[in-house]
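*Asks:* I have a structure I would like to understand better, so I am pasting it below and will then ask my questions one at a time.
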Amino acid sequence: MLSRIAESLFWIGRYVERADGTARILDVNLERLNQLPAPEQRVVSRQLLGIMGSRPDAGQAGESGLNDLLDRLAYDRTSPTSISGALGAARENARRARETVSSALWECLNTTWYGLSQHRKDVVGTYRFCHWVLERTAMAKGLADTTMSHDESWQFMILGRSLERADMTARMLQTPDVLSAGLSWVNMLRCAGAYESFLRTRRAAFGDEHAAEFLLLDRLFPRSIVYALSDAEQALERLDPS
């Protein structure tokens with residue numbers, strides 16, 4: 001396989017998963033943010049941007065309110081950190097690897113790209129936008145799994161997806177201002193789509209330490225760091241058994 005095709009496939013997996021993870025984080029935090037007074041909105045918005053690796057410059061720190069958060073994490077098409085930027089980059093990489101990805105996956109990413117501009121950019125519109133993105137990314141991942149041969153091409157996509165999952169969970173866990181940002185452990189589990197699985201698995205053993213352990217070490221939940229890195233390792237082994 002050409003290295004440029006392998007690279008494009010790897011980044012399709014990463015960017016689709018990045019859009020999914022960012023949409024989950026925004027969805028969990030939007031309602032709470034909208035109810036905070038403006039000064040607290042700015043503080044929490046800066047902290048959430050920091051978690052996502054999009055911390056504003058010192059000269060712009062005072063401007064980082066809710067609207068800036070929505071633009072940076074949802075609608076900025078020039079930034080690979082935002083949902084729109086990640087989906088645009090996934091579509092561009094699929095175009096470069098057009099002869100390798102399935103027609104169904106290409107049409108899904110292409111249709112998603114053209115649908116990005118059809119949403120209101122206020123809080124309610126962003127909430128609906130996040131749910132739409134979760135549906136579109138789930139469709140893209142499902143089509144990749146069911147319409148592509150599970151050969152080297154698919155393995156590179158899985159490698160990218162798995163590393164992005166581990167990265168997204170690690171960002172939330174390692175950020176020192178998580179609790180001051182309002183990301184309680186319940187919210188962090190919800191950001192990873194892990195809350196219900198955690199309750200079923202741990203039952204009465206609920207608390208900060210148990211939640212952190214679940215997101216780090218659970219071997220059955222797909223977005224735990226150990227599970228995601230195990231998937232990445234298996235993809236590498238299949239790509240190069242030696």
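Residues in the structure tokens are numbered from 1 in each chain, the chains being A, B, ... in the order shown, and ligands are numbered from 1 in the order shown.
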Env of Ser54 of chain A: 10 Å cut, atoms = only C-alpha atoms, seq-sep filter 2 positions within chain, self excluded. Answer as a list of chain:residue names.
*Replies:*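 The residues satisfying every condition are A:Arg46, A:Gln47, A:Leu48, A:Leu49, A:Gly50, A:Ile51, A:Met52, A:Pro56, A:Asp57, A:Leu69, A:Arg72, A:Leu73, A:Ser79, A:Thr81, A:Ser82.
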*Asks:* Restrict the selected residues to N, CA, C and O atoms and save them as a compact mmCIF listing (two decimals), in the first residue's frame.
*Replies:*
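Contents of the output file again31.txt:
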```txt
# COMPACT_ATOMS: atom_id res chain seq x y z
N ARG A 46 -12.73 28.55 28.81
CA ARG A 46 -11.27 28.48 28.62
C ARG A 46 -10.73 27.13 29.08
O ARG A 46 -9.84 26.54 28.45
N GLN A 47 -11.28 26.62 30.19
CA GLN A 47 -10.80 25.34 30.70
C GLN A 47 -11.17 24.18 29.76
O GLN A 47 -10.36 23.27 29.54
N LEU A 48 -12.37 24.22 29.21
CA LEU A 48 -12.77 23.18 28.26
C LEU A 48 -11.95 23.26 26.98
O LEU A 48 -11.56 22.22 26.41
N LEU A 49 -11.65 24.47 26.53
CA LEU A 49 -10.77 24.62 25.36
C LEU A 49 -9.39 24.05 25.65
O LEU A 49 -8.76 23.44 24.78
N GLY A 50 -8.92 24.24 26.89
CA GLY A 50 -7.63 23.69 27.28
C GLY A 50 -7.63 22.17 27.23
O GLY A 50 -6.66 21.56 26.78
N ILE A 51 -8.70 21.55 27.70
CA ILE A 51 -8.81 20.10 27.65
C ILE A 51 -8.71 19.60 26.21
O ILE A 51 -8.07 18.58 25.92
N MET A 52 -9.30 20.36 25.27
CA MET A 52 -9.31 19.96 23.87
C MET A 52 -8.08 20.42 23.11
O MET A 52 -7.98 20.24 21.90
N PRO A 56 -6.82 29.51 24.26
CA PRO A 56 -6.66 30.78 23.56
C PRO A 56 -5.35 31.47 23.91
O PRO A 56 -4.75 31.21 24.95
N ASP A 57 -4.93 32.37 23.03
CA ASP A 57 -3.74 33.17 23.30
C ASP A 57 -4.00 34.11 24.47
O ASP A 57 -5.13 34.44 24.78
N LEU A 69 -16.36 29.44 22.47
CA LEU A 69 -16.24 27.99 22.66
C LEU A 69 -16.97 27.25 21.55
O LEU A 69 -16.43 26.30 20.97
N ARG A 72 -15.01 27.58 18.25
CA ARG A 72 -13.74 26.85 18.21
C ARG A 72 -13.94 25.34 18.21
O ARG A 72 -13.17 24.61 17.58
N LEU A 73 -14.93 24.85 18.93
CA LEU A 73 -15.10 23.40 19.06
C LEU A 73 -16.15 22.82 18.13
O LEU A 73 -16.17 21.60 17.93
N SER A 79 -9.93 24.65 11.71
CA SER A 79 -9.24 24.03 12.84
C SER A 79 -9.56 22.54 12.92
O SER A 79 -10.73 22.16 13.02
N THR A 81 -9.26 20.82 15.41
CA THR A 81 -9.77 20.57 16.75
C THR A 81 -11.29 20.64 16.80
O THR A 81 -11.92 20.03 17.66
N SER A 82 -11.90 21.39 15.89
CA SER A 82 -13.36 21.56 15.91
C SER A 82 -14.05 20.39 15.21
O SER A 82 -13.44 19.67 14.41
```
*Asks:* If you count only C-alpha atoms, which residues fall within 12 Å of Ser3 of chain A, apart from same-chain ones fewer than 2 positions away, as a ChimeraX atom specification?
*Replies:* /A:1,5-10,96-97,152-153,156
*Asks:* Could you please write out, as a ChimeraX atom specification, every residue of segment 113-237 of chain A that DSSP assigns to alpha helix (DSSP H)?
*Replies:* /A:113-115,123-147,152-174,185-191,195-202,208-217,225-237
*Asks:* Ranking A:Ser242, A:Leu173, A:Ser224, A:Asp231 by minimum distance to Asp208 of chain A and counting only C-alpha atoms, which one comes first?
*Replies:*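 Between A:Ser242, A:Leu173, A:Ser224, A:Asp231, the residue approaching Asp208 of chain A most closely is A:Leu173.
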*Asks:* Rounded to one decimal, what separation in Å do you get between atom CA of Leu26 of chain A and atom CA of Lys141 of chain A?
*Replies:*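 Atom-to-atom, atom CA of Leu26 of chain A to atom CA of Lys141 of chain A, that is 20.2 Å.
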